[in-house]
file work.cif (mmCIF, C-alpha atoms (C1' of nucleotides))
data_run
#
loop_
_atom_site.label_atom_id
_atom_site.label_comp_id
_atom_site.auth_asym_id
_atom_site.auth_seq_id
_atom_site.Cartn_x
_atom_site.Cartn_y
_atom_site.Cartn_z
CA MET A 1 -106.59 -66.27 74.88
CA THR A 2 -106.75 -65.00 78.43
CA ALA A 3 -109.67 -63.67 80.43
CA ALA A 4 -110.00 -59.98 81.23
CA THR A 5 -112.88 -59.92 83.68
CA PRO A 6 -112.97 -61.56 87.14
CA LYS A 7 -115.92 -63.71 86.26
CA GLY A 8 -114.25 -64.63 83.03
CA GLU A 9 -111.17 -65.66 84.96
CA ARG A 10 -113.27 -67.87 87.18
CA ARG A 11 -114.88 -69.54 84.21
CA ARG A 12 -111.56 -70.09 82.57
CA GLN A 13 -110.25 -71.69 85.71
CA ALA A 14 -113.32 -73.89 85.94
CA LEU A 15 -112.57 -75.15 82.47
CA VAL A 16 -108.97 -75.90 83.38
CA GLU A 17 -110.04 -77.88 86.42
CA ALA A 18 -112.65 -79.77 84.47
CA ALA A 19 -110.04 -80.63 81.88
CA ALA A 20 -107.63 -81.76 84.59
CA ASP A 21 -110.31 -84.02 86.01
CA LEU A 22 -110.90 -85.55 82.62
CA LEU A 23 -107.17 -85.97 82.18
CA VAL A 24 -106.88 -87.85 85.44
CA ASP A 25 -109.52 -90.41 84.77
CA GLY A 26 -109.54 -90.66 81.03
CA GLY A 27 -106.12 -89.73 79.73
CA PHE A 28 -105.24 -87.10 77.16
CA ASP A 29 -107.82 -88.27 74.67
CA ALA A 30 -110.57 -87.57 77.15
CA ILE A 31 -109.95 -83.84 76.92
CA ARG A 32 -112.47 -82.79 74.30
CA HIS A 33 -114.17 -79.46 73.93
CA ARG A 34 -117.60 -80.89 74.60
CA ALA A 35 -116.55 -83.05 77.50
CA VAL A 36 -114.74 -80.21 79.23
CA ALA A 37 -117.63 -77.81 78.75
CA GLU A 38 -120.15 -80.31 80.04
CA ARG A 39 -118.14 -81.18 83.13
CA ALA A 40 -117.65 -77.51 83.90
CA GLY A 41 -121.32 -76.81 83.32
CA LEU A 42 -120.52 -74.27 80.64
CA PRO A 43 -121.49 -73.95 76.99
CA LEU A 44 -119.37 -75.54 74.32
CA ALA A 45 -118.24 -72.27 72.87
CA SER A 46 -116.66 -71.14 76.12
CA THR A 47 -113.88 -73.63 75.54
CA THR A 48 -112.95 -72.06 72.24
CA TYR A 49 -113.40 -68.60 73.62
CA TYR A 50 -110.89 -68.97 76.42
CA PHE A 51 -108.50 -71.29 74.64
CA ASP A 52 -107.32 -70.77 71.12
CA SER A 53 -106.97 -74.48 70.56
CA LEU A 54 -107.29 -77.84 72.21
CA GLU A 55 -103.55 -77.93 72.70
CA GLU A 56 -103.73 -74.85 74.85
CA LEU A 57 -106.45 -76.41 76.96
CA VAL A 58 -104.53 -79.64 77.32
CA THR A 59 -101.41 -77.77 78.33
CA ALA A 60 -103.27 -75.78 80.96
CA ALA A 61 -104.85 -78.94 82.36
CA LEU A 62 -101.54 -80.74 82.57
CA GLU A 63 -99.90 -77.79 84.26
CA PHE A 64 -102.70 -77.51 86.80
CA GLN A 65 -102.56 -81.20 87.61
CA GLY A 66 -98.78 -81.30 87.71
CA ASN A 67 -98.55 -78.35 90.05
CA ALA A 68 -101.07 -79.95 92.37
CA GLU A 69 -98.98 -83.09 92.51
CA LEU A 70 -95.80 -81.15 93.15
CA ALA A 71 -97.49 -79.22 95.93
CA TYR A 72 -98.53 -82.52 97.46
CA GLY A 73 -94.93 -83.69 97.30
CA LYS A 74 -93.63 -80.55 98.95
CA ALA A 75 -96.16 -80.95 101.75
CA ARG A 76 -94.94 -84.47 102.33
CA LEU A 77 -91.38 -83.19 102.50
CA ASP A 78 -92.28 -80.55 105.07
CA GLU A 79 -93.95 -82.99 107.40
CA LEU A 80 -91.15 -85.52 107.05
CA ASP A 81 -90.20 -87.12 110.34
CA PRO A 82 -86.47 -87.94 110.12
CA ARG A 83 -86.86 -90.84 112.52
CA GLU A 84 -88.99 -92.98 110.27
CA CYS A 85 -86.66 -93.00 107.35
CA GLY A 86 -85.02 -96.35 107.09
CA GLY A 87 -87.98 -98.63 106.95
CA ASP A 88 -90.91 -99.36 104.74
CA ALA A 89 -92.53 -96.03 105.43
CA PHE A 90 -89.83 -94.26 103.49
CA VAL A 91 -90.24 -96.51 100.50
CA GLU A 92 -93.95 -95.79 100.53
CA LEU A 93 -93.23 -92.09 100.64
CA VAL A 94 -91.10 -92.30 97.53
CA LEU A 95 -93.78 -94.35 95.83
CA ASP A 96 -96.38 -91.77 96.80
CA LEU A 97 -94.34 -89.10 95.08
CA LEU A 98 -93.73 -91.10 91.93
CA LEU A 99 -97.02 -92.97 91.55
CA GLY A 100 -99.40 -90.80 93.49
CA PRO A 101 -100.85 -91.21 96.98
CA SER A 102 -101.40 -94.80 98.00
CA GLY A 103 -104.99 -93.89 98.67
CA ASP A 104 -106.05 -94.31 95.08
CA ARG A 105 -105.47 -98.00 94.93
CA ASP A 106 -106.39 -98.78 91.39
CA ALA A 107 -103.85 -98.86 88.65
CA GLU A 108 -105.74 -96.20 86.71
CA ALA A 109 -104.10 -93.26 88.44
CA VAL A 110 -100.68 -94.78 88.00
CA LEU A 111 -101.38 -95.47 84.37
CA LEU A 112 -102.12 -91.86 83.64
CA ARG A 113 -98.82 -90.72 85.04
CA TYR A 114 -97.00 -92.85 82.57
CA GLU A 115 -99.33 -92.09 79.73
CA ARG A 116 -98.26 -88.52 80.24
CA LEU A 117 -94.61 -89.36 79.85
CA VAL A 118 -95.12 -91.40 76.74
CA ALA A 119 -97.75 -89.16 75.23
CA THR A 120 -95.28 -86.33 75.45
CA GLY A 121 -93.33 -88.18 72.80
CA ARG A 122 -96.05 -87.45 70.25
CA ARG A 123 -96.94 -84.02 71.60
CA PRO A 124 -93.80 -81.92 71.41
CA TYR A 125 -95.67 -78.88 72.61
CA LEU A 126 -95.89 -80.46 76.05
CA ARG A 127 -92.17 -80.94 76.38
CA PRO A 128 -91.18 -77.65 77.99
CA LEU A 129 -93.85 -78.08 80.63
CA MET A 130 -93.06 -81.72 81.27
CA ARG A 131 -89.39 -80.91 81.51
CA ARG A 132 -89.94 -78.29 84.12
CA MET A 133 -92.21 -80.48 86.22
CA SER A 134 -89.93 -83.45 85.89
CA GLY A 135 -86.99 -81.34 87.04
CA GLU A 136 -88.90 -80.19 90.08
CA LEU A 137 -89.85 -83.74 90.93
CA HIS A 138 -86.26 -84.89 90.72
CA ALA A 139 -85.16 -82.03 92.96
CA LEU A 140 -87.91 -82.86 95.39
CA LEU A 141 -86.81 -86.46 95.64
CA PHE A 142 -83.23 -85.37 96.10
CA ASP A 143 -84.28 -83.15 99.01
CA ILE A 144 -86.32 -85.91 100.55
CA PHE A 145 -83.49 -88.39 100.49
CA THR A 146 -81.20 -85.79 101.99
CA GLN A 147 -83.69 -84.78 104.64
CA ALA A 148 -84.19 -88.42 105.50
CA GLY A 149 -80.53 -88.89 106.25
CA GLN A 150 -79.95 -91.02 103.18
CA PRO A 151 -77.99 -88.62 101.01
CA VAL A 152 -77.76 -89.63 97.40
CA SER A 153 -76.21 -88.21 94.29
CA ARG A 154 -78.35 -86.68 91.55
CA GLU A 155 -77.34 -89.56 89.38
CA ARG A 156 -78.57 -92.03 91.93
CA VAL A 157 -81.92 -90.26 92.03
CA GLU A 158 -82.25 -90.61 88.29
CA GLU A 159 -81.34 -94.25 88.55
CA LEU A 160 -83.96 -94.96 91.18
CA ILE A 161 -86.61 -93.07 89.25
CA ALA A 162 -85.79 -95.01 86.12
CA LEU A 163 -86.01 -98.23 88.07
CA VAL A 164 -89.46 -97.38 89.40
CA ASP A 165 -90.73 -96.12 86.05
CA GLY A 166 -89.49 -99.19 84.26
CA ALA A 167 -91.05 -101.48 86.82
CA VAL A 168 -94.37 -99.71 86.47
CA VAL A 169 -94.42 -99.74 82.71
CA ASN A 170 -93.66 -103.43 82.65
CA ALA A 171 -96.31 -104.18 85.22
CA LEU A 172 -99.06 -102.66 83.09
CA ILE A 173 -99.32 -105.71 80.89
CA GLU A 174 -100.16 -108.12 83.68
CA ILE A 175 -103.60 -109.63 83.67
CA SER A 176 -104.33 -107.86 86.89
CA PRO A 177 -101.79 -105.06 86.97
CA ASP A 178 -100.37 -103.97 90.31
CA PRO A 179 -97.74 -101.47 89.25
CA ARG A 180 -97.20 -100.18 92.75
CA ALA A 181 -96.27 -103.60 94.06
CA ALA A 182 -93.82 -104.09 91.21
CA ALA A 183 -92.27 -100.71 91.82
CA ARG A 184 -92.06 -101.38 95.54
CA ARG A 185 -90.24 -104.65 95.01
CA MET A 186 -87.75 -103.05 92.66
CA LEU A 187 -87.17 -100.06 94.90
CA ARG A 188 -86.65 -102.14 98.01
CA LYS A 189 -84.05 -104.26 96.36
CA ALA A 190 -82.20 -101.25 95.00
CA MET A 191 -82.19 -99.43 98.31
CA GLN A 192 -81.11 -102.24 100.56
CA PRO A 193 -77.43 -101.85 101.53
CA ARG A 194 -74.94 -104.29 100.12
CA MET B 1 -113.41 -113.80 60.77
CA THR B 2 -110.91 -115.95 58.99
CA ALA B 3 -110.32 -116.43 55.28
CA ALA B 4 -111.27 -119.66 53.54
CA THR B 5 -109.70 -119.26 50.14
CA PRO B 6 -105.96 -118.92 49.37
CA LYS B 7 -106.37 -115.56 47.74
CA GLY B 8 -108.46 -114.45 50.66
CA GLU B 9 -105.69 -115.52 53.01
CA ARG B 10 -103.21 -113.46 51.06
CA ARG B 11 -105.42 -110.42 51.22
CA ARG B 12 -105.95 -110.86 54.91
CA GLN B 13 -102.22 -111.05 55.43
CA ALA B 14 -101.71 -107.92 53.35
CA LEU B 15 -104.07 -106.11 55.67
CA VAL B 16 -102.21 -107.31 58.73
CA GLU B 17 -98.91 -106.12 57.34
CA ALA B 18 -100.35 -102.78 56.33
CA ALA B 19 -101.74 -102.37 59.82
CA ALA B 20 -98.36 -103.29 61.32
CA ASP B 21 -96.69 -100.66 59.17
CA LEU B 22 -99.14 -98.06 60.35
CA LEU B 23 -98.59 -99.16 63.91
CA VAL B 24 -94.86 -98.70 63.60
CA ASP B 25 -94.88 -95.19 62.32
CA GLY B 26 -98.07 -93.81 63.73
CA GLY B 27 -98.93 -95.66 66.90
CA PHE B 28 -102.13 -97.46 67.77
CA ASP B 29 -104.36 -94.59 66.77
CA ALA B 30 -103.03 -94.77 63.24
CA ILE B 31 -104.70 -98.14 62.69
CA ARG B 32 -107.96 -97.13 61.06
CA HIS B 33 -110.06 -99.10 58.65
CA ARG B 34 -109.57 -96.63 55.86
CA ALA B 35 -105.86 -96.15 56.42
CA VAL B 36 -105.20 -99.87 56.49
CA ALA B 37 -107.23 -100.50 53.36
CA GLU B 38 -105.53 -97.71 51.48
CA ARG B 39 -102.03 -98.81 52.42
CA ALA B 40 -102.83 -102.38 51.42
CA GLY B 41 -104.39 -101.20 48.17
CA LEU B 42 -107.68 -102.86 49.04
CA PRO B 43 -111.22 -101.56 49.39
CA LEU B 44 -112.45 -100.28 52.72
CA ALA B 45 -114.92 -103.09 53.20
CA SER B 46 -112.22 -105.74 53.06
CA THR B 47 -111.09 -104.67 56.49
CA THR B 48 -114.46 -105.37 58.00
CA TYR B 49 -114.85 -108.53 56.02
CA TYR B 50 -111.71 -110.19 57.35
CA PHE B 51 -111.79 -108.70 60.82
CA ASP B 52 -114.86 -108.56 62.96
CA SER B 53 -113.71 -105.39 64.65
CA LEU B 54 -110.89 -102.92 64.81
CA GLU B 55 -109.64 -104.60 67.97
CA GLU B 56 -109.10 -107.80 66.08
CA LEU B 57 -107.14 -105.96 63.42
CA VAL B 58 -105.05 -104.14 65.98
CA THR B 59 -104.30 -107.37 67.79
CA ALA B 60 -103.22 -109.09 64.59
CA ALA B 61 -100.96 -106.18 63.68
CA LEU B 62 -99.33 -106.13 67.09
CA GLU B 63 -98.77 -109.86 67.01
CA PHE B 64 -97.23 -109.68 63.55
CA GLN B 65 -94.90 -106.88 64.53
CA GLY B 66 -93.99 -108.45 67.86
CA ASN B 67 -93.15 -111.77 66.29
CA ALA B 68 -90.95 -110.05 63.75
CA GLU B 69 -89.05 -108.32 66.52
CA LEU B 70 -88.65 -111.54 68.48
CA ALA B 71 -87.39 -113.31 65.38
CA TYR B 72 -84.86 -110.55 64.96
CA GLY B 73 -83.74 -111.05 68.55
CA LYS B 74 -83.36 -114.78 68.10
CA ALA B 75 -81.28 -114.23 65.01
CA ARG B 76 -79.00 -111.96 66.97
CA LEU B 77 -78.66 -114.63 69.64
CA ASP B 78 -77.72 -117.28 67.10
CA GLU B 79 -74.96 -115.23 65.57
CA LEU B 80 -73.61 -114.18 68.94
CA ASP B 81 -69.84 -114.27 69.08
CA PRO B 82 -68.90 -115.14 72.69
CA ARG B 83 -65.63 -113.24 72.41
CA GLU B 84 -67.11 -109.80 72.02
CA CYS B 85 -69.20 -109.87 75.12
CA GLY B 86 -67.62 -107.68 77.69
CA GLY B 87 -67.37 -104.45 75.84
CA ASP B 88 -69.60 -101.87 74.30
CA ALA B 89 -70.78 -104.20 71.60
CA PHE B 90 -72.69 -106.25 74.10
CA VAL B 91 -74.42 -103.22 75.51
CA GLU B 92 -75.47 -102.25 72.02
CA LEU B 93 -76.82 -105.73 71.46
CA VAL B 94 -79.04 -105.48 74.51
CA LEU B 95 -80.20 -102.05 73.41
CA ASP B 96 -80.99 -103.42 69.97
CA LEU B 97 -83.24 -106.01 71.54
CA LEU B 98 -85.03 -103.60 73.83
CA LEU B 99 -85.20 -100.48 71.67
CA GLY B 100 -84.94 -101.90 68.20
CA PRO B 101 -82.01 -102.03 65.80
CA SER B 102 -79.72 -99.05 66.04
CA GLY B 103 -80.28 -98.53 62.35
CA ASP B 104 -83.52 -96.64 62.81
CA ARG B 105 -81.93 -93.63 64.36
CA ASP B 106 -84.89 -91.48 65.20
CA ALA B 107 -86.66 -91.64 68.50
CA GLU B 108 -89.92 -92.47 66.74
CA ALA B 109 -89.32 -96.19 66.64
CA VAL B 110 -88.33 -96.25 70.26
CA LEU B 111 -91.35 -94.24 71.19
CA LEU B 112 -93.72 -96.76 69.68
CA ARG B 113 -92.28 -99.58 71.72
CA TYR B 114 -93.17 -97.77 74.87
CA GLU B 115 -96.45 -96.51 73.62
CA ARG B 116 -97.34 -100.15 73.24
CA LEU B 117 -96.58 -100.90 76.84
CA VAL B 118 -98.55 -97.98 78.16
CA ALA B 119 -101.38 -98.29 75.69
CA THR B 120 -101.88 -101.81 76.90
CA GLY B 121 -103.02 -100.26 80.13
CA ARG B 122 -106.13 -98.92 78.43
CA ARG B 123 -106.60 -101.84 76.08
CA PRO B 124 -107.03 -104.92 78.25
CA TYR B 125 -107.68 -107.08 75.23
CA LEU B 126 -104.02 -106.71 74.30
CA ARG B 127 -102.75 -107.99 77.61
CA PRO B 128 -102.55 -111.71 76.88
CA LEU B 129 -100.60 -111.04 73.72
CA MET B 130 -98.31 -108.49 75.31
CA ARG B 131 -97.68 -110.82 78.21
CA ARG B 132 -96.62 -113.63 75.96
CA MET B 133 -94.31 -111.46 73.90
CA SER B 134 -92.84 -109.80 76.94
CA GLY B 135 -92.15 -113.21 78.47
CA GLU B 136 -90.35 -114.33 75.35
CA LEU B 137 -88.29 -111.17 75.31
CA HIS B 138 -87.23 -111.69 78.90
CA ALA B 139 -86.27 -115.28 78.18
CA LEU B 140 -84.34 -114.16 75.14
CA LEU B 141 -82.34 -111.67 77.14
CA PHE B 142 -81.68 -114.27 79.78
CA ASP B 143 -80.29 -116.60 77.13
CA ILE B 144 -78.16 -113.88 75.65
CA PHE B 145 -76.55 -112.99 78.94
CA THR B 146 -75.88 -116.64 79.59
CA GLN B 147 -74.52 -117.25 76.12
CA ALA B 148 -72.29 -114.24 76.52
CA GLY B 149 -70.68 -115.65 79.60
CA GLN B 150 -72.32 -113.14 81.90
CA PRO B 151 -74.88 -115.33 83.65
CA VAL B 152 -77.57 -113.41 85.47
CA SER B 153 -80.59 -114.31 87.49
CA ARG B 154 -84.08 -113.83 86.10
CA GLU B 155 -84.54 -111.14 88.68
CA ARG B 156 -81.49 -109.32 87.46
CA VAL B 157 -82.86 -109.40 83.92
CA GLU B 158 -86.06 -107.80 85.09
CA GLU B 159 -84.07 -105.17 86.93
CA LEU B 160 -81.99 -104.30 83.90
CA ILE B 161 -85.04 -104.15 81.67
CA ALA B 162 -86.79 -101.87 84.13
CA LEU B 163 -83.74 -99.66 84.24
CA VAL B 164 -83.63 -99.33 80.48
CA ASP B 165 -87.37 -98.80 80.15
CA GLY B 166 -87.37 -96.16 82.84
CA ALA B 167 -84.46 -94.36 81.29
CA VAL B 168 -86.20 -94.32 77.93
CA VAL B 169 -89.50 -93.08 79.25
CA ASN B 170 -87.81 -90.27 81.09
CA ALA B 171 -85.78 -89.31 78.07
CA LEU B 172 -88.87 -88.75 75.96
CA ILE B 173 -89.54 -85.37 77.48
CA GLU B 174 -86.24 -83.84 76.52
CA ILE B 175 -86.30 -81.07 73.95
CA SER B 176 -84.38 -83.25 71.61
CA PRO B 177 -84.99 -86.74 72.92
CA ASP B 178 -82.24 -89.33 72.62
CA PRO B 179 -83.70 -92.25 74.53
CA ARG B 180 -81.10 -94.68 73.33
CA ALA B 181 -78.27 -92.61 74.75
CA ALA B 182 -80.05 -92.33 78.08
CA ALA B 183 -80.66 -96.07 78.17
CA ARG B 184 -77.05 -96.75 77.22
CA ARG B 185 -75.74 -94.61 80.04
CA MET B 186 -77.98 -96.28 82.57
CA LEU B 187 -77.20 -99.77 81.35
CA ARG B 188 -73.44 -99.21 81.33
CA LYS B 189 -73.45 -98.02 84.89
CA ALA B 190 -75.56 -100.94 86.06
CA MET B 191 -73.44 -103.51 84.31
CA GLN B 192 -70.03 -102.30 85.31
CA PRO B 193 -68.59 -104.53 88.06
CA ARG B 194 -68.26 -103.08 91.52
"C1'" DA C 1 -121.61 -127.64 34.59
"C1'" DT C 2 -124.34 -125.84 37.85
"C1'" DT C 3 -125.39 -124.83 42.39
"C1'" DA C 4 -123.67 -122.98 46.69
"C1'" DA C 5 -120.35 -120.52 49.32
"C1'" DT C 6 -117.19 -116.94 49.46
"C1'" DT C 7 -115.26 -112.62 48.27
"C1'" DT C 8 -115.52 -108.01 46.35
"C1'" DG C 9 -116.13 -103.16 46.35
"C1'" DG C 10 -119.05 -99.30 46.22
"C1'" DT C 11 -122.03 -96.76 49.14
"C1'" DA C 12 -124.50 -94.96 53.05
"C1'" DC C 13 -125.58 -93.98 57.84
"C1'" DG C 14 -125.21 -92.15 62.33
"C1'" DA C 15 -121.88 -90.45 65.80
"C1'" DT C 16 -118.35 -87.63 67.13
"C1'" DT C 17 -114.88 -84.50 66.40
"C1'" DG C 18 -112.57 -79.42 66.24
"C1'" DT C 19 -113.77 -75.11 65.18
"C1'" DG C 20 -116.10 -70.93 63.00
"C1'" DC C 21 -119.90 -67.69 63.35
"C1'" DC C 22 -122.79 -64.16 65.35
"C1'" DA C 23 -126.63 -61.74 67.53
"C1'" DG C 24 -127.55 -60.72 72.07
"C1'" DA C 25 -126.33 -60.16 77.06
"C1'" DT C 26 -123.10 -58.54 80.41
"C1'" DT C 27 -119.42 -56.12 82.33
"C1'" DT C 28 -116.03 -52.50 82.30
"C1'" DG C 29 -113.97 -47.87 81.80
"C1'" DG C 30 -114.44 -42.94 81.18
"C1'" DC D 1 -124.69 -42.92 82.69
"C1'" DC D 2 -123.14 -44.68 78.38
"C1'" DA D 3 -120.12 -46.31 74.84
"C1'" DA D 4 -116.81 -49.88 74.23
"C1'" DA D 5 -114.94 -54.01 75.39
"C1'" DT D 6 -115.88 -58.49 76.92
"C1'" DC D 7 -118.42 -62.45 77.30
"C1'" DT D 8 -122.30 -65.74 76.25
"C1'" DG D 9 -124.42 -69.59 74.21
"C1'" DG D 10 -126.84 -71.65 70.53
"C1'" DC D 11 -125.99 -73.33 66.07
"C1'" DA D 12 -123.78 -75.05 61.81
"C1'" DC D 13 -120.20 -77.00 59.12
"C1'" DA D 14 -116.93 -80.05 57.18
"C1'" DA D 15 -114.07 -84.09 58.43
"C1'" DT D 16 -113.43 -88.37 60.13
"C1'" DC D 17 -114.70 -92.32 62.31
"C1'" DG D 18 -116.59 -97.55 62.79
"C1'" DT D 19 -119.58 -100.26 60.74
"C1'" DA D 20 -123.75 -102.03 58.16
"C1'" DC D 21 -125.58 -103.21 53.72
"C1'" DC D 22 -125.95 -105.47 49.26
"C1'" DA D 23 -125.76 -106.51 44.38
"C1'" DA D 24 -122.24 -108.26 41.48
"C1'" DA D 25 -118.19 -111.12 40.78
"C1'" DT D 26 -115.37 -114.89 41.84
"C1'" DT D 27 -114.22 -119.30 43.66
"C1'" DA D 28 -115.22 -123.89 45.57
"C1'" DA D 29 -118.01 -128.11 45.72
"C1'" DT D 30 -120.96 -131.58 43.70
#
call {"tool": "encode", "arguments": {"input": "work.cif", "output": "structure tokens"}}
result
Amino acid sequence: MTAATPKGERRRQALVEAAADLLVDGGFDAIRHRAVAERAGLPLASTTYYFDSLEELVTAALEFQGNAELAYGKARLDELDPRECGGDAFVELVLDLLLGPSGDRDAEAVLLRYERLVATGRRPYLRPLMRRMSGELHALLFDIFTQAGQPVSRERVEELIALVDGAVVNALIEISPDPRAAARRMLRKAMQPR
Amino acid sequence: MTAATPKGERRRQALVEAAADLLVDGGFDAIRHRAVAERAGLPLASTTYYFDSLEELVTAALEFQGNAELAYGKARLDELDPRECGGDAFVELVLDLLLGPSGDRDAEAVLLRYERLVATGRRPYLRPLMRRMSGELHALLFDIFTQAGQPVSRERVEELIALVDGAVVNALIEISPDPRAAARRMLRKAMQPR
DNA sequence: ATTAATTTGGTACGATTGTGCCAGATTTGG
DNA sequence: CCAAATCTGGCACAATCGTACCAAATTAAT
């Protein structure tokens, strides 16, 4: 279902953003009709009016959030200073793209990113969207490495991403998880010249 | 709550195994009082009689399943033929340990293994258990590499595991996911001598 | 054998869920 | 300006959930 009136469009968008918020700090299961409506300050029925099903709402929320993250990544690419590309700053940049800005320190934000990947396994309807966003992220990383004077093959990009993702996933079971530190360690070792 | 009579112990165990079954083919969310009771052929109330809460039941199921997988891994180690350790067979062995036996062909079984890792992020009560099992798995892989005449450092084991895990997680979003193939490709490249 | 502890299984309750319904209000198009 | 489309929001329903309760049955202990 799509809105036909300007105000309707605004309301629909408000619902999407509310759902994206819930997604970020509660995971997929936090996206419920009532929760979305409440956070958006709208009546329950508006969620079923603008979205034929929960799946549609979840998809819209994921797309909104994913696009925001990609836009953030592109901004980082544009402001990339080619001089500061060998050191730690570059590693942090890559981590920012894969795990989210270092500002949000807690592991929660990181967790969600990987919940998305895994949750896609049981929600086939998300696959096309996830595939597109994942492709764009890979391309973005490829550009950033190139721009930074450290050209890499597409295969190498995939390898580095896998390394980071694996490090993160394995860090989640620690008593006091610090996935970013684990990913940083792994990435540093992989990137140092031999 | 723990059983005091032999028959009670048997019933309790039946519940654990039923819960483990549900875990395997439905994920954590599939472990519900009613579902467990039904699969075990026992009344609903037996689940609350033997387990103070759902968390306790989930924990028991995870432990049961994890131990079974570790036992499988140890069996594979014992029957390891040191002659067939350079080729593809060895790669498949490692994949069997990390993704499960190649017999279960579908991506479902693989998916669950990674759902467990990520789900642990939102279920802190599972962390001690997951940590122990993960540690044993790492040690097991270390032994296997050693036994196979390809000694590696503990750090290298972690790196290879991360590589496989990352490859799997990223493969889950494909239209027709084949995580094992993705992991195999990544592992082969990492293990080939340079 | 008889008392006490344990187990059984049926049932019920309160919360939460996704979603359908619909009379009224609002906005849009002619 | 007015009819038609769109939107609103309150409500209800059936399912499902975790868990509490309790009288009867079974098992263990003396």
call {"tool": "resolve_selection", "arguments": {"input": "work.cif", "expression": "the PyMOL selection byres ((chain A) within 9 of (chain D))", "output": "ChimeraX atom specification"}}
result
/A:3-5,8,42-46,49
call {"tool": "closest_atom_pairs", "arguments": {"input": "work.cif", "of": "chain C", "to": "chain A", "cutoff": "12 Å", "atoms": "only C-alpha atoms (C1' of nucleotides)", "output": "CSV"}}
result
residue,atom,partner,partner_atom,distance
C:DT16,C1',A:Arg34,CA,10.1
C:DT17,C1',A:Arg32,CA,8.4
C:DG18,C1',A:His33,CA,7.9
C:DT19,C1',A:Thr48,CA,7.7
C:DG20,C1',A:Thr48,CA,9.8
C:DC21,C1',A:Ala45,CA,10.7
C:DC22,C1',A:Ala45,CA,12.0
C:DT26,C1',A:Lys7,CA,10.6
C:DT27,C1',A:Thr5,CA,7.7
C:DT28,C1',A:Thr5,CA,8.2
call {"tool": "interface_residues", "arguments": {"input": "work.cif", "of": "chain A", "to": "chain B", "cutoff": "8 Å", "atoms": "only C-alpha atoms", "output": "PyMOL selection string"}}
result
chain A and resi 111+114-115+117-121+124+127-128+130-131+159+161-167+169-170+172-175+186
call {"tool": "resolve_selection", "arguments": {"input": "work.cif", "expression": "the PyMOL selection byres ((chain A and resi 92) around 12)", "output": "compact mmCIF listing (two decimals) with C-alpha atoms, in the frame of the given file"}}
result
# COMPACT_ATOMS: atom_id res chain seq x y z
CA ARG A 76 -94.94 -84.47 102.33
CA GLU A 84 -88.99 -92.98 110.27
CA CYS A 85 -86.66 -93.00 107.35
CA GLY A 86 -85.02 -96.35 107.09
CA GLY A 87 -87.98 -98.63 106.95
CA ASP A 88 -90.91 -99.36 104.74
CA ALA A 89 -92.53 -96.03 105.43
CA PHE A 90 -89.83 -94.26 103.49
CA VAL A 91 -90.24 -96.51 100.50
CA LEU A 93 -93.23 -92.09 100.64
CA VAL A 94 -91.10 -92.30 97.53
CA LEU A 95 -93.78 -94.35 95.83
CA ASP A 96 -96.38 -91.77 96.80
CA LEU A 97 -94.34 -89.10 95.08
CA LEU A 98 -93.73 -91.10 91.93
CA LEU A 99 -97.02 -92.97 91.55
CA GLY A 100 -99.40 -90.80 93.49
CA PRO A 101 -100.85 -91.21 96.98
CA SER A 102 -101.40 -94.80 98.00
CA GLY A 103 -104.99 -93.89 98.67
CA ARG A 180 -97.20 -100.18 92.75
CA ALA A 181 -96.27 -103.60 94.06
CA ALA A 183 -92.27 -100.71 91.82
CA ARG A 184 -92.06 -101.38 95.54
CA ARG A 185 -90.24 -104.65 95.01
CA LEU A 187 -87.17 -100.06 94.90
CA ARG A 188 -86.65 -102.14 98.01
call {"tool": "atom_distance", "arguments": {"input": "work.cif", "atom1": "atom CA of B:Glu69", "atom2": "atom CA of B:Ile144"}}
result
15.3 Å
call {"tool": "atom_distance", "arguments": {"input": "work.cif", "atom1": "atom CA of B:Thr59", "atom2": "atom CA of B:Leu137"}}
result
18.1 Å
call {"tool": "atom_distance", "arguments": {"input": "work.cif", "atom1": "atom CA of A:Val36", "atom2": "atom CA of A:Leu22"}}
result
7.4 Å
call {"tool": "axis_aligned_box", "arguments": {"input": "work.cif", "around": "stretch 90-100 of chain B", "padding_each_side": "3 Å", "output": "AutoDock Vina command-line options"}}
result
--center_x -78.9 --center_y -103.4 --center_z 71.9 --size_x 18.5 --size_y 11.8 --size_z 13.3
call {"tool": "resolve_selection", "arguments": {"input": "work.cif", "expression": "the PyMOL selection byres ((chain A and resi 14) around 12)", "output": "PyMOL selection string"}}
result
chain A and resi 7-13+15-21+36-42+46-47+50+57+60-61+64
